[in-house]
Amino acid sequence: MIFKIFNIPKPLRAEVISEGKGGKRIAYFNTGKRFMQEIIEWDPFKKYSFSFNPETGFRVCYFFELSEGVFRIPFGEYLLSSNGKKTSLTLSTTYSIDRRFYIFLHFPVWLILTTFQRYLLNSIKNISQRNERHKN
């Protein structure tokens with residue numbers, strides 16, 4: 001898998017510690033590292049945005065330190081929409097790249113982040129479908 005090649009930690013689970021704006025959520029990864037997320041916007045069943053706040057030492061691609069480096073991910077947002085028959089979940093992420101490296105890193109970062117978001121959304125969808133089947 002592409003994430004192993006680029007040493008991108010696999011998300012294991014996330015827990016909402018306290019709900020609502022200003023609340024906390026912790027995302028756990030297979031490396032033992034966590035994102036300590038603060039909830040910025042909370043509109044149940046519609047929108048959820050958060051700051052990432054990775055622990056010190058949270059690395060991707062072997063040398064990108066997410067808490068203090070040339071590549072950072074400060075914010076993310078989930079949007080849930082429904083047309084009555086189908087529900088869609090989208091994820092957007094705000095990221096920054098140090099100006100000195102932008103020309104070299106912009107496209108690879110965008111590509112890997114987009115692929116990771118797709119992977120994460122598919123994982124959420126699969127878990128939701130499994131949970132729905134078990135309820136019935």
# chains A, B, ... in the order shown; residues from 1 in each chain; ligands from 1

$ residues_around --residues "A:Tyr102" --least-positions-apart "5" --cutoff "10 Å" --atoms "only C-alpha atoms" --output "PDB file with all heavy atoms, in the first residue's frame"
ATOM      1  N   VAL A  70       8.225  21.673   7.816  1.00  0.00           N
ATOM      2  CA  VAL A  70       7.949  22.352   6.548  1.00  0.00           C
ATOM      3  C   VAL A  70       6.549  22.037   6.033  1.00  0.00           C
ATOM      4  O   VAL A  70       6.009  22.764   5.218  1.00  0.00           O
ATOM      5  CB  VAL A  70       8.995  21.984   5.474  1.00  0.00           C
ATOM      6  CG1 VAL A  70      10.384  22.416   5.897  1.00  0.00           C
ATOM      7  CG2 VAL A  70       8.972  20.523   5.134  1.00  0.00           C
ATOM      8  N   PHE A  71       5.953  20.946   6.530  1.00  0.00           N
ATOM      9  CA  PHE A  71       4.602  20.554   6.131  1.00  0.00           C
ATOM     10  C   PHE A  71       3.749  20.415   7.392  1.00  0.00           C
ATOM     11  O   PHE A  71       4.109  19.702   8.314  1.00  0.00           O
ATOM     12  CB  PHE A  71       4.649  19.222   5.374  1.00  0.00           C
ATOM     13  CG  PHE A  71       3.304  18.601   5.151  1.00  0.00           C
ATOM     14  CD1 PHE A  71       2.359  19.239   4.362  1.00  0.00           C
ATOM     15  CD2 PHE A  71       2.978  17.388   5.730  1.00  0.00           C
ATOM     16  CE1 PHE A  71       1.110  18.673   4.161  1.00  0.00           C
ATOM     17  CE2 PHE A  71       1.746  16.808   5.526  1.00  0.00           C
ATOM     18  CZ  PHE A  71       0.799  17.458   4.741  1.00  0.00           C
ATOM     19  N   SER A  96      -0.293  23.465   5.048  1.00  0.00           N
ATOM     20  CA  SER A  96       0.666  24.487   4.638  1.00  0.00           C
ATOM     21  C   SER A  96       2.019  23.834   4.382  1.00  0.00           C
ATOM     22  O   SER A  96       2.361  22.827   4.994  1.00  0.00           O
ATOM     23  CB  SER A  96       0.791  25.576   5.707  1.00  0.00           C
ATOM     24  OG  SER A  96       1.343  25.055   6.891  1.00  0.00           O
ATOM     25  N   ILE A  97       2.736  24.435   3.461  1.00  0.00           N
ATOM     26  CA  ILE A  97       4.083  23.985   3.106  1.00  0.00           C
ATOM     27  C   ILE A  97       4.990  25.217   3.159  1.00  0.00           C
ATOM     28  O   ILE A  97       4.640  26.278   2.620  1.00  0.00           O
ATOM     29  CB  ILE A  97       4.124  23.378   1.683  1.00  0.00           C
ATOM     30  CG1 ILE A  97       3.169  22.178   1.597  1.00  0.00           C
ATOM     31  CG2 ILE A  97       5.542  22.985   1.297  1.00  0.00           C
ATOM     32  CD1 ILE A  97       2.968  21.666   0.178  1.00  0.00           C
ATOM     33  N   PHE A 107       2.600  19.367  -5.275  1.00  0.00           N
ATOM     34  CA  PHE A 107       1.877  18.299  -5.967  1.00  0.00           C
ATOM     35  C   PHE A 107       1.949  16.959  -5.230  1.00  0.00           C
ATOM     36  O   PHE A 107       0.908  16.325  -5.018  1.00  0.00           O
ATOM     37  CB  PHE A 107       2.347  18.142  -7.420  1.00  0.00           C
ATOM     38  CG  PHE A 107       1.576  17.074  -8.143  1.00  0.00           C
ATOM     39  CD1 PHE A 107       0.248  17.278  -8.508  1.00  0.00           C
ATOM     40  CD2 PHE A 107       2.159  15.849  -8.421  1.00  0.00           C
ATOM     41  CE1 PHE A 107      -0.478  16.280  -9.150  1.00  0.00           C
ATOM     42  CE2 PHE A 107       1.449  14.845  -9.062  1.00  0.00           C
ATOM     43  CZ  PHE A 107       0.118  15.069  -9.435  1.00  0.00           C
ATOM     44  N   VAL A 109       2.377  16.358  -2.036  1.00  0.00           N
ATOM     45  CA  VAL A 109       1.585  16.471  -0.807  1.00  0.00           C
ATOM     46  C   VAL A 109       0.105  16.429  -1.143  1.00  0.00           C
ATOM     47  O   VAL A 109      -0.670  15.712  -0.502  1.00  0.00           O
ATOM     48  CB  VAL A 109       1.945  17.757  -0.024  1.00  0.00           C
ATOM     49  CG1 VAL A 109       0.893  18.089   1.023  1.00  0.00           C
ATOM     50  CG2 VAL A 109       3.320  17.607   0.611  1.00  0.00           C
TER      51      VAL A 109
END

$ residues_around --residues "A:Val16" --least-positions-apart "3" --cutoff "10 Å" --atoms "only C-alpha atoms" --output "list in words"
Glu19, Gly20, Gly23, Lys24, Arg25, Ile26, Ala27, Gln37, Glu38 and Ile39 of chain A

$ select_by_dssp --residues "chain A" --states "strand (DSSP E)" --output "JSON, numbers by chain"
{"A": [11, 12, 13, 14, 15, 16, 17, 18, 24, 25, 26, 27, 28, 29, 34, 35, 36, 37, 38, 39, 40, 41, 42, 43, 47, 48, 49, 50, 51, 59, 60, 64, 65, 71, 72, 73, 74, 75, 76, 77, 78, 79, 80, 81, 82, 87, 88, 89, 90, 91, 92, 93, 94, 95, 96, 97]}

$ atom_distance --atom1 "atom CA of A:Thr87" --atom2 "atom CA of A:Lys46"
10.6 Å

$ select_by_dssp --residues "chain A" --states "alpha helix (DSSP H)" --output "number ranges by chain"
A: 2-5, 102-135

$ write_last_selection --atoms "N, CA, C and O atoms" --output "compact mmCIF listing (two decimals), in the first residue's frame"
# COMPACT_ATOMS: atom_id res chain seq x y z
N ILE A 2 0.41 2.29 -0.64
CA ILE A 2 1.18 3.53 -0.81
C ILE A 2 1.53 4.17 0.53
O ILE A 2 2.59 4.77 0.70
N PHE A 3 0.66 4.01 1.54
CA PHE A 3 0.91 4.64 2.83
C PHE A 3 2.10 4.00 3.55
O PHE A 3 2.83 4.69 4.25
N LYS A 4 2.29 2.72 3.38
CA LYS A 4 3.45 2.06 3.98
C LYS A 4 4.74 2.55 3.32
O LYS A 4 5.74 2.79 3.99
N ILE A 5 4.70 2.68 2.00
CA ILE A 5 5.88 3.15 1.26
C ILE A 5 6.31 4.53 1.75
O ILE A 5 7.48 4.80 1.93
N TYR A 102 7.76 24.76 -1.37
CA TYR A 102 6.43 24.66 -1.98
C TYR A 102 6.47 24.11 -3.40
O TYR A 102 5.71 23.20 -3.74
N ILE A 103 7.34 24.62 -4.23
CA ILE A 103 7.38 24.20 -5.63
C ILE A 103 7.68 22.70 -5.78
O ILE A 103 7.18 22.05 -6.68
N PHE A 104 8.46 22.16 -4.86
CA PHE A 104 8.82 20.75 -4.93
C PHE A 104 7.79 19.84 -4.26
O PHE A 104 7.61 18.70 -4.66
N LEU A 105 7.14 20.34 -3.23
CA LEU A 105 6.28 19.48 -2.42
C LEU A 105 4.78 19.62 -2.69
O LEU A 105 4.02 18.75 -2.30
N HIS A 106 4.36 20.72 -3.31
CA HIS A 106 2.93 20.96 -3.46
C HIS A 106 2.19 19.79 -4.11
O HIS A 106 1.23 19.27 -3.54
N PHE A 107 2.60 19.37 -5.28
CA PHE A 107 1.88 18.30 -5.97
C PHE A 107 1.95 16.96 -5.23
O PHE A 107 0.91 16.33 -5.02
N PRO A 108 3.14 16.50 -4.80
CA PRO A 108 3.17 15.23 -4.06
C PRO A 108 2.33 15.26 -2.78
O PRO A 108 1.63 14.31 -2.47
N VAL A 109 2.38 16.36 -2.04
CA VAL A 109 1.58 16.47 -0.81
C VAL A 109 0.11 16.43 -1.14
O VAL A 109 -0.67 15.71 -0.50
N TRP A 110 -0.31 17.19 -2.14
CA TRP A 110 -1.71 17.20 -2.54
C TRP A 110 -2.17 15.80 -2.94
O TRP A 110 -3.23 15.33 -2.52
N LEU A 111 -1.38 15.11 -3.73
CA LEU A 111 -1.73 13.77 -4.20
C LEU A 111 -1.84 12.77 -3.05
O LEU A 111 -2.83 12.03 -2.94
N ILE A 112 -0.87 12.76 -2.17
CA ILE A 112 -0.88 11.83 -1.05
C ILE A 112 -2.02 12.16 -0.08
O ILE A 112 -2.73 11.27 0.38
N LEU A 113 -2.23 13.44 0.20
CA LEU A 113 -3.30 13.84 1.11
C LEU A 113 -4.67 13.50 0.53
O LEU A 113 -5.54 12.99 1.24
N THR A 114 -4.86 13.73 -0.75
CA THR A 114 -6.13 13.39 -1.41
C THR A 114 -6.36 11.88 -1.36
O THR A 114 -7.47 11.42 -1.06
N THR A 115 -5.34 11.10 -1.62
CA THR A 115 -5.45 9.64 -1.56
C THR A 115 -5.75 9.18 -0.14
O THR A 115 -6.59 8.30 0.07
N PHE A 116 -5.10 9.79 0.84
CA PHE A 116 -5.33 9.43 2.24
C PHE A 116 -6.77 9.76 2.65
O PHE A 116 -7.43 8.97 3.33
N GLN A 117 -7.26 10.92 2.24
CA GLN A 117 -8.64 11.31 2.57
C GLN A 117 -9.64 10.31 1.97
O GLN A 117 -10.60 9.92 2.63
N ARG A 118 -9.40 9.91 0.75
CA ARG A 118 -10.27 8.93 0.09
C ARG A 118 -10.25 7.61 0.86
O ARG A 118 -11.29 7.00 1.10
N TYR A 119 -9.06 7.19 1.27
CA TYR A 119 -8.91 5.96 2.06
C TYR A 119 -9.68 6.08 3.37
O TYR A 119 -10.41 5.17 3.78
N LEU A 120 -9.53 7.20 4.05
CA LEU A 120 -10.19 7.41 5.33
C LEU A 120 -11.71 7.42 5.17
O LEU A 120 -12.43 6.77 5.94
N LEU A 121 -12.22 8.11 4.17
CA LEU A 121 -13.67 8.15 3.94
C LEU A 121 -14.21 6.77 3.57
O LEU A 121 -15.30 6.39 4.01
N ASN A 122 -13.48 6.02 2.78
CA ASN A 122 -13.91 4.65 2.45
C ASN A 122 -13.92 3.77 3.69
O ASN A 122 -14.82 2.94 3.85
N SER A 123 -12.95 3.94 4.57
CA SER A 123 -12.92 3.17 5.82
C SER A 123 -14.14 3.50 6.68
O SER A 123 -14.78 2.61 7.23
N ILE A 124 -14.47 4.78 6.78
CA ILE A 124 -15.64 5.20 7.55
C ILE A 124 -16.91 4.62 6.94
O ILE A 124 -17.79 4.12 7.64
N LYS A 125 -17.00 4.64 5.62
CA LYS A 125 -18.17 4.09 4.93
C LYS A 125 -18.31 2.60 5.20
O LYS A 125 -19.40 2.11 5.52
N ASN A 126 -17.22 1.87 5.09
CA ASN A 126 -17.25 0.42 5.34
C ASN A 126 -17.66 0.10 6.77
O ASN A 126 -18.44 -0.82 7.01
N ILE A 127 -17.13 0.84 7.72
CA ILE A 127 -17.49 0.62 9.13
C ILE A 127 -18.97 0.93 9.34
O ILE A 127 -19.68 0.18 10.01
N SER A 128 -19.45 2.01 8.74
CA SER A 128 -20.86 2.38 8.87
C SER A 128 -21.77 1.30 8.28
O SER A 128 -22.79 0.95 8.87
N GLN A 129 -21.40 0.79 7.12
CA GLN A 129 -22.20 -0.26 6.48
C GLN A 129 -22.20 -1.53 7.32
O GLN A 129 -23.24 -2.17 7.46
N ARG A 130 -21.06 -1.90 7.88
CA ARG A 130 -21.01 -3.07 8.76
C ARG A 130 -21.88 -2.89 9.99
O ARG A 130 -22.62 -3.78 10.39
N ASN A 131 -21.80 -1.70 10.59
CA ASN A 131 -22.62 -1.43 11.77
C ASN A 131 -24.11 -1.44 11.43
O ASN A 131 -24.91 -1.94 12.22
N GLU A 132 -24.46 -0.94 10.27
CA GLU A 132 -25.86 -0.94 9.84
C GLU A 132 -26.36 -2.37 9.62
O GLU A 132 -27.48 -2.72 10.00
N ARG A 133 -25.55 -3.22 9.02
CA ARG A 133 -25.93 -4.63 8.80
C ARG A 133 -26.12 -5.35 10.13
O ARG A 133 -27.00 -6.18 10.27
N HIS A 134 -25.29 -5.06 11.11
CA HIS A 134 -25.39 -5.71 12.42
C HIS A 134 -26.63 -5.25 13.20
O HIS A 134 -27.12 -5.98 14.04
N LYS A 135 -27.10 -4.04 12.93
CA LYS A 135 -28.30 -3.55 13.59
C LYS A 135 -29.54 -4.26 13.08
O LYS A 135 -30.48 -4.45 13.82

$ atom_distance --atom1 "atom CA of A:Asn30" --atom2 "atom CA of A:Gly69"
21.2 Å

$ closest_residue --among "A:Phe35, A:Pro44, A:Pro11, A:Arg100" --to "A:Leu66" --atoms "only C-alpha atoms"
A:Phe35

$ atom_distance --atom1 "atom CA of A:Phe64" --atom2 "atom CA of A:Leu12"
20.4 Å

$ residues_around --residues "A:Gly32" --least-positions-apart "3" --cutoff "12 Å" --atoms "only C-alpha atoms" --output "number ranges by chain"
A: 9-13, 27-29, 35, 54-59

$ residues_around --residues "A:Ser92" --least-positions-apart "4" --cutoff "8 Å" --atoms "only C-alpha atoms" --output "VMD selection string"
chain A and resid 76 to 78 117

$ closest_residue --among "A:Tyr95, A:Asn83, A:Asn7, A:Phe75" --to "A:Ile40" --atoms "only C-alpha atoms"
A:Phe75

$ decode --residues "stretch 3-39 of chain A" --atoms "N, CA and C atoms" --output "compact mmCIF listing (two decimals), in the first residue's frame"
# COMPACT_ATOMS: atom_id res chain seq x y z
N PHE A 3 0.66 4.01 1.54
CA PHE A 3 0.91 4.64 2.83
C PHE A 3 2.10 4.00 3.55
N LYS A 4 2.29 2.72 3.38
CA LYS A 4 3.45 2.06 3.98
C LYS A 4 4.74 2.55 3.32
N ILE A 5 4.70 2.68 2.00
CA ILE A 5 5.88 3.15 1.26
C ILE A 5 6.31 4.53 1.75
N PHE A 6 5.33 5.41 1.98
CA PHE A 6 5.61 6.77 2.40
C PHE A 6 5.58 6.96 3.92
N ASN A 7 5.53 5.85 4.66
CA ASN A 7 5.54 5.89 6.13
C ASN A 7 4.47 6.84 6.68
N ILE A 8 3.24 6.64 6.20
CA ILE A 8 2.11 7.43 6.68
C ILE A 8 1.34 6.58 7.68
N PRO A 9 1.25 7.04 8.92
CA PRO A 9 0.59 6.25 9.96
C PRO A 9 -0.86 5.90 9.60
N LYS A 10 -1.26 4.70 10.00
CA LYS A 10 -2.63 4.23 9.74
C LYS A 10 -3.51 4.65 10.92
N PRO A 11 -4.64 5.31 10.63
CA PRO A 11 -5.55 5.66 11.72
C PRO A 11 -6.22 4.41 12.26
N LEU A 12 -6.31 4.32 13.58
CA LEU A 12 -6.93 3.17 14.23
C LEU A 12 -8.34 3.47 14.70
N ARG A 13 -8.49 4.60 15.38
CA ARG A 13 -9.80 4.98 15.89
C ARG A 13 -9.73 6.44 16.36
N ALA A 14 -10.91 7.00 16.62
CA ALA A 14 -10.98 8.34 17.18
C ALA A 14 -12.08 8.36 18.23
N GLU A 15 -11.87 9.13 19.27
CA GLU A 15 -12.83 9.24 20.36
C GLU A 15 -13.14 10.71 20.63
N VAL A 16 -14.42 11.03 20.67
CA VAL A 16 -14.83 12.37 21.08
C VAL A 16 -14.88 12.36 22.61
N ILE A 17 -14.05 13.18 23.23
CA ILE A 17 -13.95 13.25 24.68
C ILE A 17 -15.02 14.19 25.23
N SER A 18 -15.22 15.31 24.55
CA SER A 18 -16.27 16.25 24.92
C SER A 18 -16.83 16.87 23.64
N GLU A 19 -18.15 16.90 23.55
CA GLU A 19 -18.83 17.37 22.34
C GLU A 19 -18.97 18.88 22.33
N GLY A 20 -19.27 19.40 21.15
CA GLY A 20 -19.55 20.81 20.99
C GLY A 20 -18.31 21.64 20.72
N LYS A 21 -18.57 22.89 20.34
CA LYS A 21 -17.48 23.82 20.06
C LYS A 21 -16.58 23.93 21.29
N GLY A 22 -15.27 23.80 21.07
CA GLY A 22 -14.32 23.81 22.17
C GLY A 22 -14.09 22.43 22.77
N GLY A 23 -14.85 21.43 22.29
CA GLY A 23 -14.70 20.07 22.77
C GLY A 23 -13.41 19.44 22.28
N LYS A 24 -13.18 18.22 22.67
CA LYS A 24 -11.94 17.52 22.33
C LYS A 24 -12.23 16.17 21.67
N ARG A 25 -11.35 15.81 20.77
CA ARG A 25 -11.38 14.52 20.10
C ARG A 25 -9.95 14.04 19.99
N ILE A 26 -9.73 12.75 20.19
CA ILE A 26 -8.39 12.18 20.07
C ILE A 26 -8.41 11.15 18.95
N ALA A 27 -7.51 11.29 18.00
CA ALA A 27 -7.36 10.32 16.92
C ALA A 27 -6.09 9.52 17.19
N TYR A 28 -6.22 8.19 17.17
CA TYR A 28 -5.12 7.29 17.48
C TYR A 28 -4.60 6.63 16.20
N PHE A 29 -3.27 6.44 16.12
CA PHE A 29 -2.64 5.87 14.94
C PHE A 29 -1.79 4.66 15.32
N ASN A 30 -1.47 3.84 14.33
CA ASN A 30 -0.73 2.60 14.58
C ASN A 30 0.72 2.82 15.05
N THR A 31 1.20 4.03 14.99
CA THR A 31 2.55 4.33 15.47
C THR A 31 2.57 4.64 16.96
N GLY A 32 1.37 4.68 17.56
CA GLY A 32 1.27 5.06 18.97
C GLY A 32 1.09 6.56 19.14
N LYS A 33 1.18 7.31 18.07
CA LYS A 33 1.01 8.77 18.12
C LYS A 33 -0.46 9.13 18.00
N ARG A 34 -0.77 10.37 18.41
CA ARG A 34 -2.15 10.84 18.40
C ARG A 34 -2.24 12.26 17.87
N PHE A 35 -3.43 12.59 17.38
CA PHE A 35 -3.81 13.97 17.12
C PHE A 35 -4.74 14.35 18.25
N MET A 36 -4.44 15.43 18.94
CA MET A 36 -5.29 15.94 20.01
C MET A 36 -6.11 17.06 19.38
N GLN A 37 -7.28 16.75 18.92
CA GLN A 37 -8.07 17.70 18.14
C GLN A 37 -9.00 18.54 19.00
N GLU A 38 -9.05 19.83 18.69
CA GLU A 38 -10.03 20.71 19.32
C GLU A 38 -11.14 20.95 18.31
N ILE A 39 -12.37 20.83 18.76
CA ILE A 39 -13.53 21.03 17.89
C ILE A 39 -13.76 22.52 17.73
